[in-house]
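Here is coords_17.txt, consisting of compact mmCIF, C-alpha atoms (C1' of nucleotides):
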# COMPACT_ATOMS: atom_id res chain seq x y z
CA MET A 1 46.82 -5.31 114.69
CA ALA A 2 48.88 -2.41 113.45
CA ARG A 3 49.91 0.87 114.96
CA LYS A 4 48.96 1.45 118.58
CA THR A 5 47.23 4.64 119.66
CA GLY A 6 49.18 7.81 118.99
CA SER A 7 51.96 8.66 116.57
CA HIS A 8 55.29 7.20 117.57
CA ALA A 9 57.92 7.94 114.95
CA GLN A 10 59.68 10.53 117.07
CA ILE A 11 59.74 8.21 120.07
CA THR A 12 60.60 4.92 118.40
CA GLY A 13 63.68 6.16 116.54
CA PRO A 14 65.60 7.43 119.59
CA LYS A 15 64.39 4.51 121.67
CA ILE A 16 65.81 2.02 119.18
CA ARG A 17 69.18 3.74 119.41
CA SER A 18 69.21 3.90 123.20
CA GLU A 19 68.11 0.28 123.65
CA ALA A 20 70.55 -0.94 121.01
CA LEU A 21 73.35 0.96 122.74
CA ARG A 22 72.48 -0.55 126.09
CA LEU A 23 72.20 -4.11 124.74
CA PHE A 24 75.31 -3.94 122.53
CA ALA A 25 77.36 -2.64 125.45
CA ARG A 26 76.07 -5.34 127.82
CA HIS A 27 76.26 -8.40 125.58
CA GLY A 28 78.27 -7.42 122.53
CA PHE A 29 77.14 -6.54 119.03
CA ALA A 30 77.14 -10.05 117.61
CA ALA A 31 75.39 -11.52 120.64
CA VAL A 32 72.37 -9.20 120.38
CA SER A 33 69.67 -10.02 117.85
CA MET A 34 67.41 -7.55 116.08
CA ARG A 35 64.49 -9.30 117.78
CA GLN A 36 65.97 -8.59 121.20
CA ILE A 37 66.34 -4.91 120.38
CA ALA A 38 62.81 -4.80 119.02
CA ALA A 39 61.44 -6.47 122.16
CA ALA A 40 63.23 -3.93 124.37
CA VAL A 41 61.70 -1.12 122.32
CA GLY A 42 58.25 -2.74 122.36
CA VAL A 43 57.95 -3.34 118.65
CA GLN A 44 58.31 -6.15 116.10
CA ALA A 45 61.69 -6.81 114.49
CA GLY A 46 60.55 -5.68 111.06
CA ALA A 47 59.78 -2.20 112.35
CA LEU A 48 63.47 -1.58 113.07
CA TYR A 49 64.12 -1.48 109.34
CA LEU A 50 62.07 1.70 109.04
CA TYR A 51 64.85 3.37 111.05
CA THR A 52 68.03 1.64 109.95
CA PRO A 53 69.01 -0.08 106.68
CA ASP A 54 70.66 -2.93 108.56
CA LYS A 55 72.23 -4.01 111.84
CA GLU A 56 75.72 -2.75 111.11
CA ALA A 57 74.42 0.69 110.16
CA LEU A 58 72.76 0.85 113.57
CA LEU A 59 76.10 0.17 115.26
CA PHE A 60 77.88 2.65 113.02
CA ASP A 61 75.31 5.32 113.79
CA LEU A 62 75.87 4.85 117.52
CA LEU A 63 79.66 5.02 117.21
CA LYS A 64 79.64 7.95 114.80
CA THR A 65 77.25 9.94 116.97
CA HIS A 66 79.40 9.28 120.03
CA MET A 67 82.62 10.41 118.36
CA ASP A 68 80.96 13.50 116.89
CA GLU A 69 79.58 14.49 120.26
CA LEU A 70 82.94 13.86 121.90
CA LEU A 71 84.83 16.09 119.47
CA GLU A 72 82.14 18.75 119.52
CA ALA A 73 82.02 18.82 123.33
CA TRP A 74 85.80 19.13 123.56
CA ALA A 75 85.80 21.89 120.94
CA GLY A 76 83.34 23.82 123.10
CA GLU A 77 85.21 23.17 126.32
CA PRO A 78 86.91 26.16 127.99
CA ARG A 79 90.61 25.65 128.53
CA GLY A 80 93.21 27.81 130.24
CA ALA A 81 96.05 29.79 128.77
CA GLY A 82 99.11 27.56 129.02
CA PRO A 83 99.79 23.87 128.30
CA VAL A 84 99.43 22.88 131.95
CA GLU A 85 95.98 24.45 132.16
CA ALA A 86 95.05 22.89 128.81
CA LEU A 87 96.12 19.45 130.01
CA GLU A 88 94.13 19.84 133.19
CA ALA A 89 91.09 20.84 131.14
CA PHE A 90 91.56 17.79 128.91
CA VAL A 91 91.94 15.38 131.81
CA ARG A 92 88.87 16.66 133.61
CA PHE A 93 86.84 16.84 130.41
CA HIS A 94 87.76 13.33 129.33
CA ILE A 95 86.81 11.79 132.65
CA ARG A 96 83.58 13.76 132.93
CA PHE A 97 82.46 13.09 129.36
CA ASN A 98 83.32 9.39 129.38
CA LEU A 99 81.68 8.77 132.74
CA SER A 100 78.49 10.35 131.42
CA ARG A 101 78.36 7.82 128.55
CA PRO A 102 79.85 4.55 129.79
CA ASP A 103 77.96 2.37 127.30
CA ALA A 104 79.05 4.39 124.29
CA VAL A 105 82.65 4.46 125.48
CA PHE A 106 82.62 0.70 125.94
CA LEU A 107 81.15 0.19 122.47
CA SER A 108 83.70 2.48 120.87
CA TYR A 109 86.58 0.45 122.23
CA MET A 110 85.16 -3.03 121.73
CA GLU A 111 82.99 -3.18 118.67
CA LEU A 112 84.98 -1.33 116.02
CA ARG A 113 85.88 -4.73 114.58
CA ASN A 114 82.26 -5.39 113.64
CA LEU A 115 82.31 -2.51 111.19
CA GLY A 116 83.04 -2.87 107.48
CA SER A 117 86.35 -1.36 106.48
CA ALA A 118 84.94 1.93 105.15
CA ASN A 119 82.97 2.58 108.32
CA PHE A 120 85.90 1.40 110.43
CA VAL A 121 88.22 3.97 108.87
CA MET A 122 85.74 6.78 109.50
CA ILE A 123 85.51 6.07 113.22
CA GLU A 124 89.23 5.41 113.47
CA ASP A 125 89.94 8.82 111.94
CA LEU A 126 87.70 10.56 114.43
CA ARG A 127 89.46 8.79 117.24
CA LYS A 128 92.85 9.83 115.88
CA ALA A 129 91.63 13.41 115.65
CA TYR A 130 90.70 13.31 119.33
CA GLU A 131 94.05 11.79 120.30
CA ARG A 132 95.73 14.49 118.23
CA GLU A 133 94.05 17.12 120.43
CA LEU A 134 95.84 15.73 123.46
CA GLU A 135 99.14 15.27 121.65
CA GLU A 136 99.15 18.91 120.57
CA ILE A 137 98.80 19.97 124.18
CA LEU A 138 101.73 17.75 125.10
CA ILE A 139 103.84 19.07 122.22
CA ALA A 140 103.09 22.67 123.21
CA GLY A 141 104.06 21.92 126.80
CA GLN A 142 107.20 20.15 125.66
CA GLN A 143 108.27 23.13 123.56
CA ALA A 144 107.49 25.54 126.41
CA LYS A 145 109.63 23.30 128.62
CA VAL A 146 106.88 22.89 131.20
CA PHE A 147 106.53 19.15 130.37
CA ALA A 148 109.32 16.58 130.33
CA ILE A 149 108.12 13.78 128.06
CA PRO A 150 110.40 11.26 126.37
CA ASP A 151 107.90 10.68 123.53
CA THR A 152 104.71 12.69 123.02
CA LYS A 153 103.00 9.97 120.96
CA LEU A 154 103.51 7.36 123.64
CA ALA A 155 102.52 9.79 126.36
CA THR A 156 99.30 10.50 124.46
CA MET A 157 98.37 6.84 124.27
CA ALA A 158 99.41 6.23 127.87
CA LEU A 159 97.35 9.12 129.23
CA ILE A 160 94.25 8.30 127.20
CA ALA A 161 94.37 4.65 128.23
CA MET A 162 94.80 5.66 131.86
CA LEU A 163 91.90 8.11 131.79
CA THR A 164 89.53 5.93 129.78
CA GLY A 165 90.13 3.08 132.19
CA VAL A 166 88.02 4.89 134.77
CA THR A 167 84.86 3.79 132.97
CA THR A 168 85.68 0.12 133.54
CA TRP A 169 85.50 0.27 137.32
CA PHE A 170 83.62 3.47 138.28
CA ARG A 171 80.23 2.94 139.91
CA GLU A 172 77.94 5.77 140.95
CA GLY A 173 77.77 6.07 144.71
CA GLY A 174 81.10 4.32 145.26
CA ARG A 175 83.89 5.14 147.67
CA LEU A 176 85.00 8.28 145.82
CA SER A 177 83.05 11.08 144.16
CA GLN A 178 83.56 11.85 140.49
CA ALA A 179 85.19 15.19 141.41
CA ARG A 180 87.63 13.49 143.78
CA ILE A 181 88.54 10.91 141.15
CA ALA A 182 89.15 13.62 138.55
CA ALA A 183 91.40 15.48 141.01
CA ILE A 184 93.46 12.36 141.72
CA TYR A 185 93.82 11.48 138.05
CA TRP A 186 94.85 15.03 137.26
CA ASP A 187 97.49 14.79 139.96
CA MET A 188 98.89 11.58 138.45
CA ALA A 189 98.70 12.86 134.87
CA ARG A 190 100.49 16.08 135.80
CA LYS A 191 103.29 14.24 137.53
CA ALA A 192 103.56 11.71 134.69
CA VAL A 193 104.37 14.44 132.16
CA GLY A 194 106.78 16.08 134.59
CA ALA A 195 104.77 19.22 135.29
CA MET B 1 86.18 -40.87 106.06
CA ALA B 2 87.32 -40.90 109.64
CA ARG B 3 90.65 -40.25 111.27
CA LYS B 4 93.45 -39.19 108.94
CA THR B 5 96.85 -40.89 109.05
CA GLY B 6 98.65 -40.62 112.39
CA SER B 7 97.41 -40.03 115.89
CA HIS B 8 96.34 -36.45 116.48
CA ALA B 9 94.89 -36.03 119.93
CA GLN B 10 97.97 -34.22 121.21
CA ILE B 11 97.98 -31.91 118.23
CA THR B 12 94.25 -31.24 117.81
CA GLY B 13 93.60 -30.21 121.41
CA PRO B 14 96.15 -27.38 121.55
CA LYS B 15 95.34 -26.36 117.99
CA ILE B 16 91.67 -25.93 118.86
CA ARG B 17 92.64 -23.64 121.71
CA SER B 18 95.07 -21.58 119.67
CA GLU B 19 92.71 -21.17 116.73
CA ALA B 20 89.77 -20.36 119.01
CA LEU B 21 91.88 -17.75 120.79
CA ARG B 22 92.88 -16.16 117.52
CA LEU B 23 89.35 -16.10 116.11
CA PHE B 24 87.67 -14.94 119.33
CA ALA B 25 90.15 -12.08 119.63
CA ARG B 26 89.68 -11.04 116.01
CA HIS B 27 85.92 -11.26 115.67
CA GLY B 28 84.52 -11.63 119.17
CA PHE B 29 83.25 -14.71 120.96
CA ALA B 30 79.64 -14.52 119.79
CA ALA B 31 80.60 -13.80 116.19
CA VAL B 32 82.69 -16.95 115.82
CA SER B 33 80.93 -20.26 115.17
CA MET B 34 82.10 -23.68 116.19
CA ARG B 35 82.22 -24.54 112.48
CA GLN B 36 84.66 -21.68 111.83
CA ILE B 37 86.96 -22.89 114.59
CA ALA B 38 86.73 -26.44 113.29
CA ALA B 39 87.57 -25.31 109.76
CA ALA B 40 90.62 -23.40 111.03
CA VAL B 41 91.78 -26.52 112.84
CA GLY B 42 91.07 -28.73 109.83
CA VAL B 43 88.39 -30.85 111.39
CA GLN B 44 84.59 -31.18 111.47
CA ALA B 45 82.58 -29.25 114.05
CA GLY B 46 81.53 -32.37 115.93
CA ALA B 47 85.15 -33.24 116.71
CA LEU B 48 85.50 -30.12 118.88
CA TYR B 49 83.20 -31.72 121.44
CA LEU B 50 85.80 -34.37 122.15
CA TYR B 51 87.90 -31.58 123.63
CA THR B 52 85.40 -29.19 125.20
CA PRO B 53 81.92 -29.74 126.68
CA ASP B 54 80.59 -26.60 125.00
CA LYS B 55 81.54 -23.26 123.50
CA GLU B 56 81.54 -21.27 126.72
CA ALA B 57 83.83 -23.81 128.40
CA LEU B 58 86.29 -23.26 125.55
CA LEU B 59 86.30 -19.51 126.24
CA PHE B 60 86.60 -20.07 129.97
CA ASP B 61 89.52 -22.41 129.48
CA LEU B 62 91.35 -19.76 127.44
CA LEU B 63 90.73 -17.02 130.00
CA LYS B 64 91.54 -19.21 132.99
CA THR B 65 94.77 -20.44 131.42
CA HIS B 66 95.80 -16.89 130.61
CA MET B 67 95.20 -15.62 134.13
CA ASP B 68 96.95 -18.62 135.69
CA GLU B 69 99.99 -18.12 133.48
CA LEU B 70 100.01 -14.39 134.25
CA LEU B 71 99.98 -14.90 138.01
CA GLU B 72 102.48 -17.74 137.82
CA ALA B 73 104.86 -15.76 135.65
CA TRP B 74 104.71 -12.77 137.98
CA ALA B 75 105.27 -15.01 141.00
CA GLY B 76 108.45 -16.30 139.36
CA GLU B 77 109.64 -12.86 138.29
CA PRO B 78 112.74 -11.49 140.04
CA ARG B 79 112.12 -8.14 141.70
CA GLY B 80 114.48 -5.78 143.50
CA ALA B 81 114.72 -4.95 147.17
CA GLY B 82 112.68 -1.76 147.63
CA PRO B 83 109.26 -0.57 146.40
CA VAL B 84 110.78 1.45 143.55
CA GLU B 85 112.61 -1.57 142.22
CA ALA B 86 109.50 -3.71 142.69
CA LEU B 87 107.40 -1.21 140.75
CA GLU B 88 109.93 -1.13 137.95
CA ALA B 89 109.90 -4.92 137.83
CA PHE B 90 106.09 -4.92 137.67
CA VAL B 91 105.92 -2.32 134.91
CA ARG B 92 108.46 -4.09 132.75
CA PHE B 93 106.96 -7.51 133.44
CA HIS B 94 103.42 -6.37 132.65
CA ILE B 95 104.40 -4.84 129.32
CA ARG B 96 106.56 -7.76 128.31
CA PHE B 97 104.03 -10.42 129.29
CA ASN B 98 101.03 -8.68 127.73
CA LEU B 99 102.83 -7.92 124.47
CA SER B 100 103.73 -11.59 124.20
CA ARG B 101 100.03 -12.57 124.34
CA PRO B 102 98.01 -9.78 122.71
CA ASP B 103 95.08 -12.02 121.76
CA ALA B 104 94.66 -13.42 125.26
CA VAL B 105 94.90 -9.94 126.78
CA PHE B 106 92.27 -8.64 124.42
CA LEU B 107 89.97 -11.58 125.20
CA SER B 108 90.40 -11.11 128.93
CA TYR B 109 89.22 -7.53 128.76
CA MET B 110 86.42 -7.93 126.24
CA GLU B 111 84.76 -11.28 126.59
CA LEU B 112 84.28 -11.71 130.31
CA ARG B 113 80.64 -10.82 129.77
CA ASN B 114 80.07 -14.00 127.76
CA LEU B 115 80.81 -16.14 130.79
CA GLY B 116 78.17 -17.52 133.13
CA SER B 117 78.23 -15.92 136.56
CA ALA B 118 80.17 -18.69 138.30
CA ASN B 119 82.92 -18.66 135.67
CA PHE B 120 82.86 -14.87 135.61
CA VAL B 121 83.57 -14.66 139.33
CA MET B 122 86.51 -17.05 139.03
CA ILE B 123 88.25 -14.97 136.39
CA GLU B 124 87.36 -11.72 138.15
CA ASP B 125 88.96 -13.01 141.34
CA LEU B 126 92.17 -13.89 139.53
CA ARG B 127 92.26 -10.43 138.02
CA LYS B 128 91.74 -8.85 141.43
CA ALA B 129 94.57 -10.96 142.81
CA TYR B 130 96.87 -9.62 140.11
CA GLU B 131 95.80 -6.03 140.75
CA ARG B 132 96.40 -6.63 144.43
CA GLU B 133 100.03 -7.48 143.63
CA LEU B 134 100.53 -4.01 142.22
CA GLU B 135 98.61 -2.31 144.99
CA GLU B 136 100.79 -3.94 147.64
CA ILE B 137 103.87 -2.52 145.98
CA LEU B 138 102.26 0.92 146.01
CA ILE B 139 101.22 0.59 149.66
CA ALA B 140 104.74 -0.48 150.64
CA GLY B 141 106.22 2.49 148.79
CA GLN B 142 103.67 4.80 150.35
CA GLN B 143 104.59 3.61 153.86
CA ALA B 144 108.30 3.89 153.09
CA LYS B 145 107.61 7.44 151.90
CA VAL B 146 109.24 6.84 148.53
CA PHE B 147 105.89 7.19 146.72
CA ALA B 148 103.42 10.07 147.00
CA ILE B 149 100.03 8.68 146.00
CA PRO B 150 96.68 10.25 146.95
CA ASP B 151 94.88 6.88 146.70
CA THR B 152 96.60 3.53 146.18
CA LYS B 153 93.48 1.83 144.79
CA LEU B 154 93.00 4.47 142.12
CA ALA B 155 96.69 4.52 141.32
CA THR B 156 96.57 0.74 140.84
CA MET B 157 93.72 0.97 138.35
CA ALA B 158 95.29 3.95 136.59
CA LEU B 159 98.68 2.27 136.18
CA ILE B 160 97.27 -1.04 134.99
CA ALA B 161 95.02 0.66 132.45
CA MET B 162 97.95 2.73 131.21
CA LEU B 163 100.24 -0.28 130.85
CA THR B 164 97.67 -2.62 129.35
CA GLY B 165 96.83 0.02 126.74
CA VAL B 166 100.12 -0.73 125.02
CA THR B 167 98.64 -3.89 123.51
CA THR B 168 95.99 -1.90 121.64
CA TRP B 169 98.44 0.02 119.47
CA PHE B 170 101.79 -1.82 119.57
CA ARG B 171 102.87 -3.40 116.29
CA GLU B 172 106.05 -5.43 115.89
CA GLY B 173 108.59 -3.56 113.81
CA GLY B 174 107.09 -0.15 114.56
CA ARG B 175 108.79 3.12 115.36
CA LEU B 176 109.93 2.06 118.82
CA SER B 177 111.37 -1.18 120.14
CA GLN B 178 109.68 -3.01 122.95
CA ALA B 179 112.60 -2.21 125.27
CA ARG B 180 112.36 1.50 124.48
CA ILE B 181 108.60 1.48 125.08
CA ALA B 182 109.04 -0.26 128.42
CA ALA B 183 111.67 2.33 129.43
CA ILE B 184 109.36 5.23 128.54
CA TYR B 185 106.39 3.73 130.36
CA TRP B 186 108.54 3.07 133.40
CA ASP B 187 109.60 6.71 133.34
CA MET B 188 106.00 7.89 133.27
CA ALA B 189 104.83 5.39 135.88
CA ARG B 190 107.65 6.35 138.23
CA LYS B 191 106.83 10.04 137.93
CA ALA B 192 103.10 9.41 138.31
CA VAL B 193 103.60 7.84 141.75
CA GLY B 194 105.99 10.60 142.75
CA ALA B 195 109.17 8.53 142.86
C1' DG C 1 96.34 -61.65 111.88
C1' DT C 2 92.76 -60.40 114.75
C1' DT C 3 90.66 -57.44 118.11
C1' DT C 4 90.23 -53.25 120.41
C1' DT C 5 90.26 -48.51 120.75
C1' DA C 6 91.14 -43.62 119.82
C1' DA C 7 89.97 -39.95 116.62
C1' DC C 8 87.05 -38.26 113.64
C1' DT C 9 83.10 -37.83 110.02
C1' DG C 10 78.80 -36.37 108.24
C1' DA C 11 74.22 -35.99 108.76
C1' DA C 12 70.64 -34.59 111.51
C1' DC C 13 68.14 -31.90 115.41
C1' DA C 14 65.45 -27.89 116.79
C1' DT C 15 66.07 -23.20 117.01
C1' DC C 16 67.61 -18.89 115.86
C1' DC C 17 69.42 -15.35 112.59
C1' DG C 18 68.95 -10.80 109.54
C1' DT C 19 65.95 -9.16 106.38
C1' DT C 20 61.73 -8.48 103.30
C1' DC C 21 57.06 -7.38 102.45
C1' DA C 22 51.98 -7.50 101.76
C1' DG C 23 48.53 -5.91 104.57
C1' DC C 24 46.12 -3.34 108.24
C1' DG C 25 44.61 -0.18 111.88
C1' DG C 26 44.52 4.47 113.56
C1' DC C 27 44.96 9.31 112.68
C1' DA C 28 44.79 13.79 110.01
C1' DA C 29 43.49 16.40 106.28
C1' DA C 30 39.84 17.33 102.84
C1' DT D 1 32.46 11.29 106.00
C1' DT D 2 35.70 9.93 103.04
C1' DT D 3 40.50 9.58 101.60
C1' DG D 4 45.28 8.86 102.14
C1' DC D 5 49.18 7.55 104.45
C1' DC D 6 52.13 6.76 108.53
C1' DG D 7 53.73 3.34 111.63
C1' DC D 8 53.60 -1.03 112.42
C1' DT D 9 52.44 -6.25 112.31
C1' DG D 10 53.15 -11.01 111.49
C1' DA D 11 54.48 -14.31 108.59
C1' DA D 12 57.80 -15.91 105.68
C1' DC D 13 62.65 -16.46 103.37
C1' DG D 14 67.05 -19.11 103.08
C1' DG D 15 70.61 -20.02 105.76
C1' DA D 16 73.44 -20.39 110.11
C1' DT D 17 73.64 -21.78 114.93
C1' DG D 18 75.29 -25.13 118.98
C1' DT D 19 75.12 -29.73 119.86
C1' DT D 20 74.42 -34.94 119.43
C1' DC D 21 75.45 -39.38 117.72
C1' DA D 22 75.70 -43.64 114.95
C1' DG D 23 79.05 -45.06 111.99
C1' DT D 24 83.90 -45.46 110.06
C1' DT D 25 88.74 -45.92 109.75
C1' DA D 26 93.69 -45.94 111.05
C1' DA D 27 96.64 -47.29 114.48
C1' DA D 28 97.79 -49.88 118.73
C1' DA D 29 97.57 -54.11 121.44
C1' DC D 30 97.64 -58.81 121.61

Using the file provided, produce a representation of the structure as structure tokens.
Amino acid sequence: MARKTGSHAQITGPKIRSEALRLFARHGFAAVSMRQIAAAVGVQAGALYLYTPDKEALLFDLLKTHMDELLEAWAGEPRGAGPVEALEAFVRFHIRFNLSRPDAVFLSYMELRNLGSANFVMIEDLRKAYERELEEILIAGQQAKVFAIPDTKLATMALIAMLTGVTTWFREGGRLSQARIAAIYWDMARKAVGA
Amino acid sequence: MARKTGSHAQITGPKIRSEALRLFARHGFAAVSMRQIAAAVGVQAGALYLYTPDKEALLFDLLKTHMDELLEAWAGEPRGAGPVEALEAFVRFHIRFNLSRPDAVFLSYMELRNLGSANFVMIEDLRKAYERELEEILIAGQQAKVFAIPDTKLATMALIAMLTGVTTWFREGGRLSQARIAAIYWDMARKAVGA
DNA sequence: GTTTTAACTGAACATCCGTTCAGCGGCAAA
DNA sequence: TTTGCCGCTGAACGGATGTTCAGTTAAAAC
């Protein structure tokens, strides 16, 4: 046997990435074998190597794509005039974006350690760039005296950790809607920075 | 060769747990082999099975011990009279305890998925019990009208995520001392709940 | 000084791992 | 109708995996 009916290159590639993402997020990078991914795609293990040079590159591709999309989406996000409006935009954006990609968020926070050092640094830098976006909002608000923050760096890490945590417990169709959750988190974030 | 000079049972057991904890936290449960743990301990792989029935039981033991110690330490922690004082005690305790055991904290949040369902539920229940401790403080403060929280359950998750996040970036000897960090986080937590 | 026992070795088990590659079937262009 | 090649198979590679166990030795018990 060889290729099944029809041409599949433009289906198989994306499907490998989506199945790998799902499996890595569920069981962890090291716990998922190339054969498991292949089986989920409906293909033999060898075929995966037409789309990725090796297993780590597959993980890196998923993480890099996620971070690129995150930064690009935030860059295209409308935000208000002042620091308070900018912070509200960031809070709502972060929750909305992360809840739309729970698997990728989980991977980004858990599986960085499975990357070689060069790849690790690349993802780490993208993450720092994103954190810097929030910190600049906090610094602007601090200078405009609309925020009261003892340390903008710590506040950045605290807020991001708080917001990202939503992905660990949120379930679609739960007690609260996504909009309600975002409103509550914005309320807490606003108070936390003294605005 | 067999046993080296001296009796080692009371050394080897704890050493297996501490080395396994370190390696699991660094590389992930699935990525660490029994032979790697054995090598770190200074023993052959087969000897590990005198101390644990299998690899998953070793992970479970680490997680269970961590959660037990966490709950026990909090139970023995002095806390003030009112909800505000209790929240301050919780914030400072959580940061101090988690920073003293970064590997175990990391494991607890990342490797639950490698547990069988029975073991998973046990650890999950202990975690819920700990979260409940915080929520009860928030509920008490809400009723006493010293806190202004839209939703105590969400506030619980938000605060714990914020506080636990410290372990992901804190490095001994960094820009800020642990006491200063705890003070800043307490400031933000207090504001976030409207106290 | 002898026996017992606790602590560990080292080899073996079947199975799985990531990765490579010669070959083949189905499709499109000529 | 033939040719060429894209997308994939299926087997194979060396090595690693978790786990078991008969055997061995140092120390403890008598």

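Here atom CA of Gly82 of chain B and atom CA of Phe147 of chain B stand 11.3 Å from one another.
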
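With all atoms listed in the file taken into account, chain D has DG7, DC8 and DT9 of chain D at most 8 Å from chain A.
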
Task: chain A residues near chain B (7 Å cut-off, only C-alpha atoms) as number ranges by chain - done: A: 27, 30-31, 110, 113, 150, 158-159, 161-162, 165, 184, 188-189, 191-194

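In chain C, the set of residues within 8 Å of chain B (atoms considered: all atoms listed in the file) is C:DA7, C:DC8, C:DT9.
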
TODO: List the neighbours of Ala104 of chain A out to 7 Å using only C-alpha atoms (C1' of nucleotides); skip same-chain residues closer than 3 positions along the sequence, and give me the result as a PyMOL selection string.
DONE: chain A and resi 21+66+101+107-108

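Pairwise distance (atom CA of Leu23 of chain B, atom CA of Phe120 of chain A) equals 18.7 Å.
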
- [ ] Compile the contact shell of Glu56 of chain A as a ChimeraX atom specification: residues with an atom at most 9 Å away, counting all atoms listed in the file, same-chain residues fewer than 4 positions apart removed.
- [x] /A:29,52,60-61,114-116
